[in-house]
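work.txt (compact mmCIF, C-alpha atoms) appears below.
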```txt
# COMPACT_ATOMS: atom_id res chain seq x y z
CA MET R 1 17.32 20.60 -5.82
CA ASN R 2 19.73 22.80 -3.92
CA CYS R 3 19.78 26.49 -2.97
CA PRO R 4 23.22 27.47 -1.70
CA HIS R 5 22.20 30.56 0.27
CA LYS R 6 20.88 31.03 3.77
CA VAL R 7 17.68 33.03 3.35
CA ALA R 8 15.43 34.96 5.68
CA ARG R 9 12.06 33.52 6.55
CA TRP R 10 9.47 34.33 3.88
CA ARG R 11 5.81 34.83 4.72
CA VAL R 12 3.87 33.40 1.80
CA LEU R 13 0.17 33.84 1.10
CA VAL R 14 -1.69 31.33 -1.11
CA PHE R 15 -4.61 33.06 -2.81
CA PRO R 16 -7.24 31.71 -3.05
CA GLY R 17 -6.59 28.93 -0.59
CA ALA R 18 -9.35 26.51 -1.60
CA THR R 19 -8.34 25.35 -5.08
CA GLU R 20 -6.54 22.16 -6.06
CA ILE R 21 -3.61 24.40 -7.00
CA ALA R 22 -3.63 25.75 -3.44
CA MET R 23 -3.59 22.21 -2.04
CA GLU R 24 -0.42 21.45 -4.00
CA LEU R 25 1.17 24.74 -2.89
CA ARG R 26 0.42 23.77 0.70
CA GLN R 27 2.01 20.35 0.29
CA ALA R 28 5.05 21.77 -1.50
CA LEU R 29 5.73 24.69 0.86
CA GLY R 30 4.14 23.83 4.21
CA TRP R 31 7.18 22.10 5.74
CA CYS R 32 9.91 24.25 4.13
CA LYS R 33 12.07 25.83 6.81
CA GLU R 34 12.27 29.17 4.98
CA ILE R 35 8.51 29.67 4.77
CA ALA R 36 5.59 30.65 6.99
CA LEU R 37 2.42 29.79 5.09
CA PHE R 38 -0.89 31.70 5.00
CA SER R 39 -4.00 31.63 2.84
CA ALA R 40 -6.89 33.90 1.97
CA GLY R 41 -10.08 33.64 -0.02
CA SER R 42 -13.82 33.94 -0.25
CA HIS R 43 -16.25 33.76 2.67
CA VAL R 44 -18.11 30.99 0.81
CA SER R 45 -17.68 27.61 2.51
CA ASN R 46 -14.53 25.91 1.25
CA HIS R 47 -11.70 23.59 2.26
CA ALA R 48 -9.02 26.20 3.01
CA PRO R 49 -9.70 26.54 6.78
CA PHE R 50 -9.25 22.78 7.15
CA VAL R 51 -5.68 22.81 5.81
CA PHE R 52 -4.32 26.30 6.52
CA ALA R 53 -3.91 27.27 10.18
CA ARG R 54 -3.77 30.95 9.19
CA HIS R 55 -6.63 31.53 6.77
CA PHE R 56 -8.28 34.91 6.19
CA VAL R 57 -11.52 35.87 4.47
CA THR R 58 -11.12 38.45 1.70
CA PRO R 59 -13.35 39.62 -1.17
CA ASP R 60 -13.19 37.74 -4.45
CA VAL R 61 -11.20 39.44 -7.19
CA GLY R 62 -13.55 41.59 -9.21
CA GLN R 63 -15.56 42.61 -6.17
CA GLY R 64 -15.35 46.20 -5.03
CA LYS R 65 -12.24 47.09 -3.03
CA TRP R 66 -10.84 43.55 -3.22
CA VAL R 67 -7.33 44.99 -3.44
CA ASP R 68 -7.90 46.95 -0.22
CA GLY R 69 -9.19 43.84 1.55
CA LEU R 70 -6.25 41.76 0.42
CA SER R 71 -3.79 44.54 1.27
CA SER R 72 -5.09 44.62 4.85
CA VAL R 73 -4.28 40.91 5.22
CA LEU R 74 -0.85 41.42 3.67
CA ALA R 75 0.00 44.27 6.03
CA ALA R 76 -1.37 42.65 9.19
CA ASN R 77 0.62 39.47 8.58
CA GLN R 78 3.73 41.00 7.01
CA ILE R 79 3.29 38.88 3.90
CA THR R 80 6.29 38.94 1.59
CA HIS R 81 5.04 36.86 -1.35
CA ILE R 82 1.70 35.90 -2.93
CA PHE R 83 1.18 32.68 -4.88
CA PRO R 84 -1.81 32.87 -7.26
CA ALA R 85 -3.86 29.67 -7.09
CA HIS R 86 -6.45 30.35 -9.80
CA ASP R 87 -6.18 31.52 -13.41
CA GLU R 88 -8.46 34.54 -13.05
CA VAL R 89 -6.77 35.54 -9.79
CA LEU R 90 -3.37 35.22 -11.45
CA VAL R 91 -4.26 37.91 -13.99
CA ALA R 92 -5.88 40.17 -11.38
CA LEU R 93 -2.83 39.99 -9.11
CA ALA R 94 -0.45 40.64 -11.99
CA GLU R 95 -2.51 43.67 -13.05
CA ASN R 96 -2.45 45.07 -9.51
CA ALA R 97 1.08 44.02 -8.53
CA THR R 98 2.27 47.60 -8.00
CA ARG R 99 -0.57 48.24 -5.52
CA LEU R 100 0.26 45.21 -3.37
CA LYS R 101 2.95 45.28 -0.69
CA ALA R 102 4.06 41.73 -1.47
CA LYS R 103 5.70 40.15 -4.48
CA VAL R 104 3.36 38.25 -6.80
CA ILE R 105 5.05 35.03 -7.93
CA THR R 106 4.21 34.70 -11.60
CA SER R 107 5.35 35.66 -15.08
CA PRO R 108 5.12 39.17 -16.59
CA LEU R 109 1.69 40.77 -16.94
CA GLU R 110 1.77 40.50 -20.74
CA THR R 111 2.24 36.74 -20.43
CA CYS R 112 -0.56 36.40 -17.88
CA ARG R 113 -2.97 38.27 -20.14
CA LEU R 114 -1.92 36.39 -23.26
CA THR R 115 -2.20 32.90 -21.79
CA ARG R 116 -5.59 33.65 -20.23
CA SER R 117 -6.97 33.66 -23.78
CA LYS R 118 -6.90 30.30 -25.57
CA THR R 119 -7.33 32.04 -28.93
CA ALA R 120 -4.52 34.54 -28.36
CA THR R 121 -2.19 31.77 -27.14
CA LEU R 122 -2.85 29.55 -30.15
CA GLN R 123 -2.41 32.47 -32.53
CA ARG R 124 0.87 33.50 -30.89
CA LEU R 125 2.22 29.95 -31.16
CA LEU R 126 0.88 29.20 -34.64
CA ASN R 127 3.78 27.87 -36.75
CA VAL R 128 5.93 27.66 -33.58
CA ILE R 129 4.64 24.28 -32.43
CA PRO R 130 1.74 22.18 -33.75
CA THR R 131 -1.65 23.66 -32.80
CA PRO R 132 -5.18 22.40 -33.44
CA GLU R 133 -7.17 24.03 -36.20
CA LEU R 134 -9.16 26.96 -34.86
CA PHE R 135 -12.39 27.48 -36.80
CA GLN R 136 -13.44 31.09 -37.20
CA THR R 137 -16.71 30.20 -38.96
CA VAL R 138 -19.03 27.20 -39.08
CA GLU R 139 -18.51 27.04 -42.84
CA ALA R 140 -14.81 26.35 -42.31
CA ILE R 141 -15.55 23.04 -40.57
CA LYS R 142 -15.00 20.06 -42.86
CA THR R 143 -14.53 17.25 -40.35
CA TRP R 144 -16.63 16.25 -37.35
CA PRO R 145 -16.78 16.15 -34.35
CA VAL R 146 -15.70 19.63 -33.24
CA PHE R 147 -14.52 20.57 -29.75
CA LEU R 148 -15.90 23.70 -28.06
CA LYS R 149 -14.37 25.44 -25.06
CA PRO R 150 -14.47 28.89 -23.41
CA ASP R 151 -11.76 31.26 -24.57
CA ARG R 152 -11.19 32.17 -20.91
CA GLY R 153 -11.78 29.07 -18.85
CA GLN R 154 -10.20 26.58 -16.50
CA GLY R 155 -10.41 22.86 -16.11
CA SER R 156 -13.09 21.38 -18.32
CA GLN R 157 -15.74 23.93 -17.38
CA GLY R 158 -17.92 24.88 -20.34
CA THR R 159 -16.40 22.39 -22.76
CA ALA R 160 -18.54 20.38 -25.16
CA LEU R 161 -18.27 18.08 -28.19
CA ALA R 162 -20.45 18.75 -31.23
CA LYS R 163 -20.91 15.67 -33.39
CA ASP R 164 -22.69 17.46 -36.23
CA ILE R 165 -24.01 20.81 -37.38
CA ASN R 166 -27.24 20.46 -35.40
CA GLU R 167 -25.43 19.91 -32.11
CA LEU R 168 -23.03 22.73 -32.91
CA THR R 169 -25.90 25.13 -33.61
CA ALA R 170 -27.59 24.25 -30.31
CA LEU R 171 -24.37 24.54 -28.32
CA ARG R 172 -23.46 27.89 -29.84
CA ALA R 173 -26.94 29.22 -29.12
CA GLU R 174 -26.46 28.13 -25.51
CA ASN R 175 -23.04 29.85 -25.26
CA PRO R 176 -21.87 31.84 -28.32
CA ASP R 177 -18.55 32.79 -26.68
CA ARG R 178 -17.03 29.32 -26.93
CA ILE R 179 -14.31 28.82 -29.52
CA MET R 180 -14.46 25.97 -32.07
CA LEU R 181 -11.44 23.69 -32.35
CA GLU R 182 -10.30 20.59 -34.17
CA TYR R 183 -11.16 17.55 -32.06
CA LEU R 184 -8.11 15.68 -30.78
CA ASP R 185 -8.90 12.08 -29.90
CA GLY R 186 -5.52 10.84 -28.63
CA PRO R 187 -3.87 10.78 -25.19
CA GLU R 188 -3.45 14.03 -23.28
CA PHE R 189 -0.30 15.26 -21.55
CA THR R 190 0.71 18.06 -19.21
CA VAL R 191 4.32 19.21 -19.31
CA ASP R 192 5.52 20.82 -16.08
CA CYS R 193 8.28 23.36 -16.72
CA PHE R 194 10.59 25.72 -14.92
CA SER R 195 12.31 28.72 -16.51
CA ASP R 196 14.86 31.12 -15.12
CA ARG R 197 14.39 34.58 -16.59
CA GLU R 198 18.10 34.78 -17.46
CA ARG R 199 19.15 31.16 -18.05
CA GLY R 200 15.98 30.08 -19.83
CA LEU R 201 14.30 26.70 -19.66
CA GLN R 202 15.73 24.49 -16.90
CA TYR R 203 13.16 21.72 -16.55
CA ALA R 204 10.40 20.11 -18.62
CA CYS R 205 8.75 16.87 -17.59
CA GLY R 206 5.68 15.39 -19.25
CA ARG R 207 2.97 13.37 -17.58
CA GLN R 208 0.05 11.61 -19.17
CA ARG R 209 -3.39 12.59 -17.88
CA ARG R 210 -4.85 9.09 -17.70
CA ARG R 211 -8.01 9.77 -15.72
CA ILE R 212 -9.54 13.24 -15.60
CA ARG R 213 -12.34 14.61 -13.45
CA SER R 214 -13.54 18.22 -13.70
CA GLY R 215 -10.39 19.09 -15.62
CA ILE R 216 -8.10 17.67 -12.90
CA ALA R 217 -5.81 14.73 -13.60
CA MET R 218 -6.78 12.14 -11.01
CA ASP R 219 -4.35 9.55 -12.35
CA SER R 220 -1.12 10.59 -14.05
CA ALA R 221 2.26 9.08 -14.82
CA ILE R 222 5.55 10.51 -16.04
CA VAL R 223 6.21 9.89 -19.73
CA ASP R 224 9.49 10.32 -21.58
CA ASP R 225 9.06 12.04 -24.97
CA ASN R 226 11.67 14.26 -26.61
CA ARG R 227 8.91 16.45 -28.01
CA PHE R 228 8.08 17.77 -24.54
CA TRP R 229 11.43 19.52 -24.13
CA GLU R 230 11.40 20.63 -27.78
CA TYR R 231 7.95 22.23 -27.40
CA ALA R 232 8.88 23.81 -24.04
CA GLU R 233 11.96 25.45 -25.52
CA LYS R 234 10.05 26.80 -28.50
CA ILE R 235 7.23 28.16 -26.32
CA SER R 236 9.66 29.83 -23.92
CA ARG R 237 11.45 31.56 -26.80
CA VAL R 238 8.21 33.23 -27.87
CA ILE R 239 6.50 33.82 -24.50
CA SER R 240 8.30 35.30 -21.47
CA LEU R 241 7.91 32.81 -18.63
CA HIS R 242 9.37 33.07 -15.11
CA GLY R 243 9.47 30.22 -12.61
CA ALA R 244 7.03 27.31 -12.83
CA TRP R 245 4.66 27.01 -15.76
CA PHE R 246 3.05 24.27 -17.78
CA PHE R 247 1.52 23.51 -21.12
CA GLN R 248 -0.92 20.83 -22.23
CA VAL R 249 -0.91 18.89 -25.47
CA LYS R 250 -3.16 16.23 -26.93
CA ALA R 251 -2.48 13.78 -29.73
CA ASP R 252 -4.50 13.79 -32.92
CA HIS R 253 -5.48 10.61 -34.79
CA CYS R 254 -2.00 10.49 -36.39
CA GLY R 255 -0.16 10.85 -33.07
CA ALA R 256 0.92 14.47 -33.57
CA LEU R 257 0.94 16.38 -30.27
CA LYS R 258 -0.99 19.63 -30.58
CA LEU R 259 -1.13 22.47 -28.07
CA MET R 260 -4.18 22.94 -25.88
CA GLU R 261 -3.03 25.67 -23.50
CA VAL R 262 -0.11 27.36 -21.72
CA SER R 263 -0.34 28.60 -18.15
CA PRO R 264 2.20 30.63 -16.10
CA ARG R 265 1.52 28.79 -12.83
CA ILE R 266 1.96 25.35 -11.32
CA GLY R 267 -0.40 22.59 -12.38
CA GLY R 268 -2.68 21.02 -9.81
CA THR R 269 -1.07 17.62 -10.35
CA SER R 270 2.51 18.93 -10.42
CA ALA R 271 2.87 16.91 -7.21
CA LEU R 272 4.18 14.27 -9.61
CA SER R 273 7.17 16.48 -10.41
CA ARG R 274 7.65 17.05 -6.68
CA ALA R 275 7.66 13.30 -6.14
CA HIS R 276 10.27 13.18 -8.90
CA GLY R 277 12.50 15.47 -6.84
CA VAL R 278 11.53 18.88 -8.26
CA ASN R 279 9.60 21.25 -5.96
CA LEU R 280 8.27 23.74 -8.52
CA PRO R 281 6.65 26.19 -6.07
CA LEU R 282 9.84 26.43 -4.01
CA LEU R 283 11.90 26.87 -7.17
CA SER R 284 9.55 29.66 -8.25
CA LEU R 285 10.03 31.43 -4.95
CA TYR R 286 13.80 31.22 -5.36
CA GLU R 287 13.54 32.42 -8.96
CA SER R 288 11.46 35.43 -7.90
CA GLU R 289 14.25 36.33 -5.45
CA ARG R 290 16.86 35.76 -8.18
CA LEU R 291 18.60 33.04 -6.19
CA PRO R 292 20.56 30.51 -8.26
CA VAL R 293 19.18 26.99 -8.09
CA GLN R 294 20.11 23.53 -9.28
CA ILE R 295 17.60 20.88 -10.32
CA LEU R 296 18.11 17.19 -9.65
CA ALA R 297 15.20 15.19 -11.02
CA GLY R 298 14.78 11.52 -10.23
CA PHE R 299 15.21 8.83 -12.83
CA TYR R 300 12.54 6.50 -11.50
CA GLY R 301 9.02 5.85 -12.71
CA VAL R 302 6.34 7.57 -10.67
CA GLU R 303 2.56 7.43 -10.94
CA ILE R 304 0.05 9.46 -8.94
CA ASP R 305 -3.57 8.61 -8.25
CA ARG R 306 -5.82 10.99 -6.39
CA ALA R 307 -9.08 10.60 -4.46
CA LEU R 308 -11.16 12.52 -1.99
CA VAL R 309 -9.71 12.99 1.49
CA ASN R 310 -11.69 13.59 4.68
CA ARG R 311 -10.86 16.48 7.02
CA TYR R 312 -12.91 17.59 10.00
CA ARG R 313 -13.63 20.36 12.45
CA HIS R 314 -14.97 19.59 15.93
CA ASN R 315 -16.11 21.55 18.97
CA PHE R 316 -14.14 19.86 21.77
CA ASN R 317 -10.68 20.61 23.10
CA TYR R 318 -8.44 18.17 24.85
CA ARG R 319 -5.26 18.55 26.86
CA ALA R 320 -4.62 14.85 27.38
CA LEU R 321 -4.74 11.90 24.99
CA TYR R 322 -5.11 8.42 26.51
CA ILE R 323 -4.07 5.52 24.27
CA ASP R 324 -4.55 1.78 24.62
CA PHE R 325 -1.64 -0.46 23.58
CA ASP R 326 -2.77 -3.92 22.40
CA ASP R 327 -4.95 -3.90 19.26
CA THR R 328 -4.96 -0.10 19.25
CA LEU R 329 -1.40 1.21 19.03
CA ILE R 330 -0.10 -2.23 18.02
CA VAL R 331 -2.36 -4.13 15.62
CA HIS R 332 -1.46 -7.55 14.13
CA GLY R 333 2.08 -7.09 15.38
CA ARG R 334 2.55 -3.77 13.56
CA VAL R 335 2.61 -0.17 14.75
CA ASN R 336 -0.54 1.76 13.78
CA ALA R 337 1.25 4.48 11.81
CA GLU R 338 -1.89 6.62 11.48
CA LEU R 339 -2.28 6.68 15.25
CA VAL R 340 1.40 7.59 15.70
CA LYS R 341 0.83 10.48 13.28
CA LEU R 342 -2.00 11.69 15.55
CA LEU R 343 0.21 11.34 18.63
CA TYR R 344 2.88 13.56 17.12
CA GLN R 345 0.31 16.12 16.00
CA ALA R 346 -0.96 16.21 19.58
CA LEU R 347 2.61 16.45 20.88
CA ASN R 348 3.18 19.50 18.65
CA ARG R 349 0.15 21.13 20.28
CA GLY R 350 1.38 20.48 23.82
CA VAL R 351 -1.15 17.71 24.56
CA ARG R 352 -0.09 15.19 27.21
CA LEU R 353 0.23 11.62 25.89
CA ILE R 354 -0.67 8.83 28.31
CA LEU R 355 -0.43 5.12 27.54
CA LEU R 356 -3.21 3.35 29.45
CA THR R 357 -3.01 -0.43 29.14
CA ARG R 358 -3.45 -3.85 30.75
CA HIS R 359 -0.73 -5.36 28.57
CA THR R 360 0.20 -8.73 30.07
CA GLY R 361 3.80 -8.89 28.88
CA ASP R 362 6.85 -6.75 29.54
CA LEU R 363 5.52 -3.34 28.52
CA THR R 364 8.90 -1.60 28.57
CA GLU R 365 10.38 -4.26 26.30
CA GLY R 366 7.36 -3.97 23.96
CA LEU R 367 7.71 -0.20 23.67
CA ARG R 368 11.42 -0.56 22.94
CA ARG R 369 10.82 -3.26 20.33
CA TYR R 370 8.42 -0.96 18.42
CA ARG R 371 10.65 2.15 18.87
CA LEU R 372 7.95 3.82 21.01
CA HIS R 373 9.84 4.07 24.28
CA GLY R 374 10.00 7.66 25.50
CA LEU R 375 7.08 8.87 23.37
CA PHE R 376 4.60 9.11 26.26
CA ASP R 377 4.51 11.61 29.09
CA GLU R 378 3.12 8.89 31.32
CA VAL R 379 2.68 5.12 31.11
CA VAL R 380 -0.09 3.65 33.27
CA HIS R 381 0.14 -0.14 33.50
CA LEU R 382 -3.16 -1.32 35.00
CA ARG R 383 -3.94 -4.51 36.85
CA LEU R 384 -6.14 -7.03 35.04
CA LYS R 385 -9.57 -5.77 36.16
CA GLU R 386 -8.64 -2.24 37.20
CA PRO R 387 -11.06 0.28 35.55
CA LYS R 388 -9.41 2.61 33.08
CA ALA R 389 -11.72 5.44 34.12
CA ASP R 390 -10.06 5.53 37.56
CA SER R 391 -6.79 6.65 35.92
CA ILE R 392 -8.31 9.41 33.78
CA ARG R 393 -8.00 12.60 35.81
CA GLU R 394 -8.33 15.38 33.23
CA LYS R 395 -11.75 16.70 32.23
CA GLU R 396 -10.42 17.80 28.82
CA ALA R 397 -9.22 14.42 27.60
CA VAL R 398 -9.80 11.84 24.88
CA LEU R 399 -9.52 8.05 25.00
CA ILE R 400 -8.60 5.90 21.99
CA ASP R 401 -9.25 2.21 22.60
CA ASP R 402 -10.25 -0.72 20.38
CA SER R 403 -12.64 -2.19 22.98
CA PHE R 404 -16.25 -1.00 22.85
CA ALA R 405 -16.77 -2.10 26.46
CA GLU R 406 -13.79 -0.03 27.62
CA ARG R 407 -14.98 2.99 25.66
CA MET R 408 -18.49 2.66 27.04
CA ALA R 409 -17.25 2.36 30.64
CA VAL R 410 -14.97 5.41 30.33
CA ARG R 411 -17.64 7.46 28.59
CA MET R 412 -20.23 6.66 31.28
CA ALA R 413 -17.78 7.34 34.14
CA THR R 414 -16.04 10.48 32.82
CA GLY R 415 -18.08 11.89 29.95
CA ILE R 416 -14.98 12.44 27.78
CA PRO R 417 -14.98 11.71 24.03
CA VAL R 418 -13.94 8.15 23.16
CA PHE R 419 -12.83 6.71 19.81
CA ASP R 420 -11.67 3.51 18.24
CA THR R 421 -8.95 3.52 15.57
CA SER R 422 -11.46 3.76 12.71
CA MET R 423 -12.68 7.09 14.10
CA ILE R 424 -9.42 8.91 14.79
CA GLU R 425 -9.31 10.77 11.48
CA VAL R 426 -11.71 13.29 13.06
CA LEU R 427 -8.88 14.24 15.44
CA PHE R 428 -6.25 14.92 12.78
CA ASP R 429 -5.27 18.57 12.45
CA GLU R 430 -3.50 18.94 9.11
CA ARG R 431 -3.42 22.72 9.01
CA LEU R 432 -0.03 24.18 8.19
```
In structure tokens, how does this file's structure come out?
Amino acid sequence: MNCPHKVARWRVLVFPGATEIAMELRQALGWCKEIALFSAGSHVSNHAPFVFARHFVTPDVGQGKWVDGLSSVLAANQITHIFPAHDEVLVALAENATRLKAKVITSPLETCRLTRSKTATLQRLLNVIPTPELFQTVEAIKTWPVFLKPDRGQGSQGTALAKDINELTALRAENPDRIMLEYLDGPEFTVDCFSDRERGLQYACGRQRRRIRSGIAMDSAIVDDNRFWEYAEKISRVISLHGAWFFQVKADHCGALKLMEVSPRIGGTSALSRAHGVNLPLLSLYESERLPVQILAGFYGVEIDRALVNRYRHNFNYRALYIDFDDTLIVHGRVNAELVKLLYQALNRGVRLILLTRHTGDLTEGLRRYRLHGLFDEVVHLRLKEPKADSIREKEAVLIDDSFAERMAVRMATGIPVFDTSMIEVLFDERL
């Protein structure tokens, strides 16, 4: 992907900042040289403050004066663009775009409203691409089971499978607003797309949703199927789509791919397209600014698998980081890459890095061999029985050492926090 123009720095707000969509926007945009990244969202406890260095609390959309609250954040931080990171927020931002002093990166309002309704989307695309049968009445159902889902929903929230008329009756009594659809029992695919408002469809890449949790593809792999591009072209001829968007299809028992939904935003697992060489959020930003782009997708097989990740907040500050060498920085003859990541995060914050070791060999040669020479502000090479605590002068410091005895001695002598390598994830600061 290449943008041929030098551009001014954009100040981009992800809203809300706690969704899986927001996590992908952070990964896709956080290290782009053109962008300063911000987030905003609800006061309810969420993950956004752990990953966004500049996060602001604003009212949820739908609450009174939410536009005023968001506008205050936009003005105070000179935000130039807003990326919607939730389906309901996407519509609300599009509806209030003229009141906001930042550009909302999405498709036209008509598209946002249309695609928010599963029924309206299926009706618009009926006879354009294959769609599942939509039952208007119970009497119209001839084959079981039947799939129920909210007309306005996200993920798999509110979905259910009715195996017979009795289950259907109970489920409809529980929630009469769910629509009734033909059940599709085959594999499910998301097709990540990118459209330029003048040049049309530029990218369509399908991925199979092989393991799904709460509507999110936890395992997905790129799949080559000519129908994906065919469907994307047909959809984009009927619905006006700008920048990144996606649609989902599922196979019926005969293998026909039938539409499930269309959405004018990035998918939460569109990281797979990014790994394939196509940064959809960045492309969308360029498209919103009407900058010409080129797309260069990879031709290699990629699979993604996702799991929970731990991030922490703590109540201690440190200005110096003391690191042991043997069995801490170097383990089994290999550099501890996770620890080096922490060292560079600390370096970015202005923390002093001190190597504190009793290494018995040539320490300078060892640092050179592992490409670590010059990384530390200070290298303290201790004698065999010299206490490490005697070399720790700062009160705001941390020691990382594999030896429990060393950690205990330093903790008792200095009172500073001490960690072994299994504990260092608490020190990572991954806010962008």
### Task
Pull the neighbourhood of (10.2, 32.7, -30.5) for me: all residues within 12 Å in file coordinates, counting only C-alpha atoms, as a list in words.
Arg124, Leu125, Leu126, Asn127, Val128, Ile129, Tyr231, Ala232, Glu233, Lys234, Ile235, Ser236, Arg237, Val238, Ile239 and Ser240 of chain R
### Message
Considering all atoms listed in the file, can you say which of R:Gly64, R:Gly186, R:Gly30, R:Gly17 comes closest to Pro49 in chain R?
### Response
R:Gly17
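Atom pair CA of Asp377 in chain R / CA of Val51 in chain R: separated by 27.8 Å.
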#### Entry: Spatial neighbours of Pro84 in chain R, 8 Å, all atoms listed in the file, chain gap at least 6 places, as a list in words
Val14, Phe15, Pro16, Leu90, Leu93, Val104, Ile105, Thr106 and Arg265 of chain R
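The space separating CA of Cys254 in chain R from CA of Pro132 in chain R comes to 12.7 Å.
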### Query
Can you list, as a ChimeraX atom specification, every protein, DNA or RNA residue that comes within 12 Å of Asn315 in chain R when you count only C-alpha atoms, leaving out same-chain residues fewer than 3 positions away?
/R:312,318,396,417,426-427
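Closest to Ala94 in chain R among R:Thr80, R:Thr111, R:Thr360, R:Ser45 is R:Thr111, based on only C-alpha atoms.
From CA of Ala217 in chain R back to CA of Leu171 in chain R, the distance works out to 25.6 Å.
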### Message
Could you list, as a list in words, every residue within 10 Å of Leu70 in chain R, counting all atoms listed in the file and ignoring same-chain residues fewer than 6 positions away?
### Response
Phe15, Ala40, Gly41, Phe56, Val57, Thr58, Pro59, Asp60, Val61, Leu100 and Lys101 of chain R
Counting only C-alpha atoms, what is within 7 Å of Gly206 in chain R, bar same-chain residues fewer than 4 positions away, as a short mmCIF file (atom, residue, chain, number, x, y, z; two decimals) with C-alpha atoms, in the frame of the given file?
```cif
data_model
loop_
_atom_site.label_atom_id
_atom_site.label_comp_id
_atom_site.auth_asym_id
_atom_site.auth_seq_id
_atom_site.Cartn_x
_atom_site.Cartn_y
_atom_site.Cartn_z
CA PHE R 189 -0.30 15.26 -21.55
CA THR R 190 0.71 18.06 -19.21
CA VAL R 191 4.32 19.21 -19.31
CA ASP R 192 5.52 20.82 -16.08
CA ILE R 222 5.55 10.51 -16.04
CA VAL R 223 6.21 9.89 -19.73
CA ASP R 224 9.49 10.32 -21.58
CA PHE R 228 8.08 17.77 -24.54
#
```
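Ranking R:Gly200, R:Gly277, R:Gly62, R:Pro108 by their shortest atom-to-atom distance to Glu88 in chain R, with only C-alpha atoms included, puts R:Gly62 first.
With only C-alpha atoms as the atoms that count, the residue of R:Ala271, R:Glu261, R:Tyr286, R:Ser107 with the shortest distance to Leu241 in chain R is R:Ser107.
Between Lys33 in chain R and the candidates R:Arg431, R:Arg9, R:Arg290, R:Arg116, the tightest atom-to-atom separation, counting all atoms listed in the file, involves R:Arg9.
The shortest atom-to-atom distance to Met260 in chain R, with all atoms listed in the file taken into account, belongs to R:Lys149 out of R:Lys103, R:Lys149, R:Arg319, R:Arg197.
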Is it possible to get the axis-aligned box enclosing range 385-391 of chain R (all listed atoms, 4 Å extra per side) as JSON, with centre and edge lengths in Å rounded to one decimal?
```
{"center_x": -9.3, "center_y": 0.4, "center_z": 35.3, "size_x": 12.9, "size_y": 20.4, "size_z": 12.5}
```
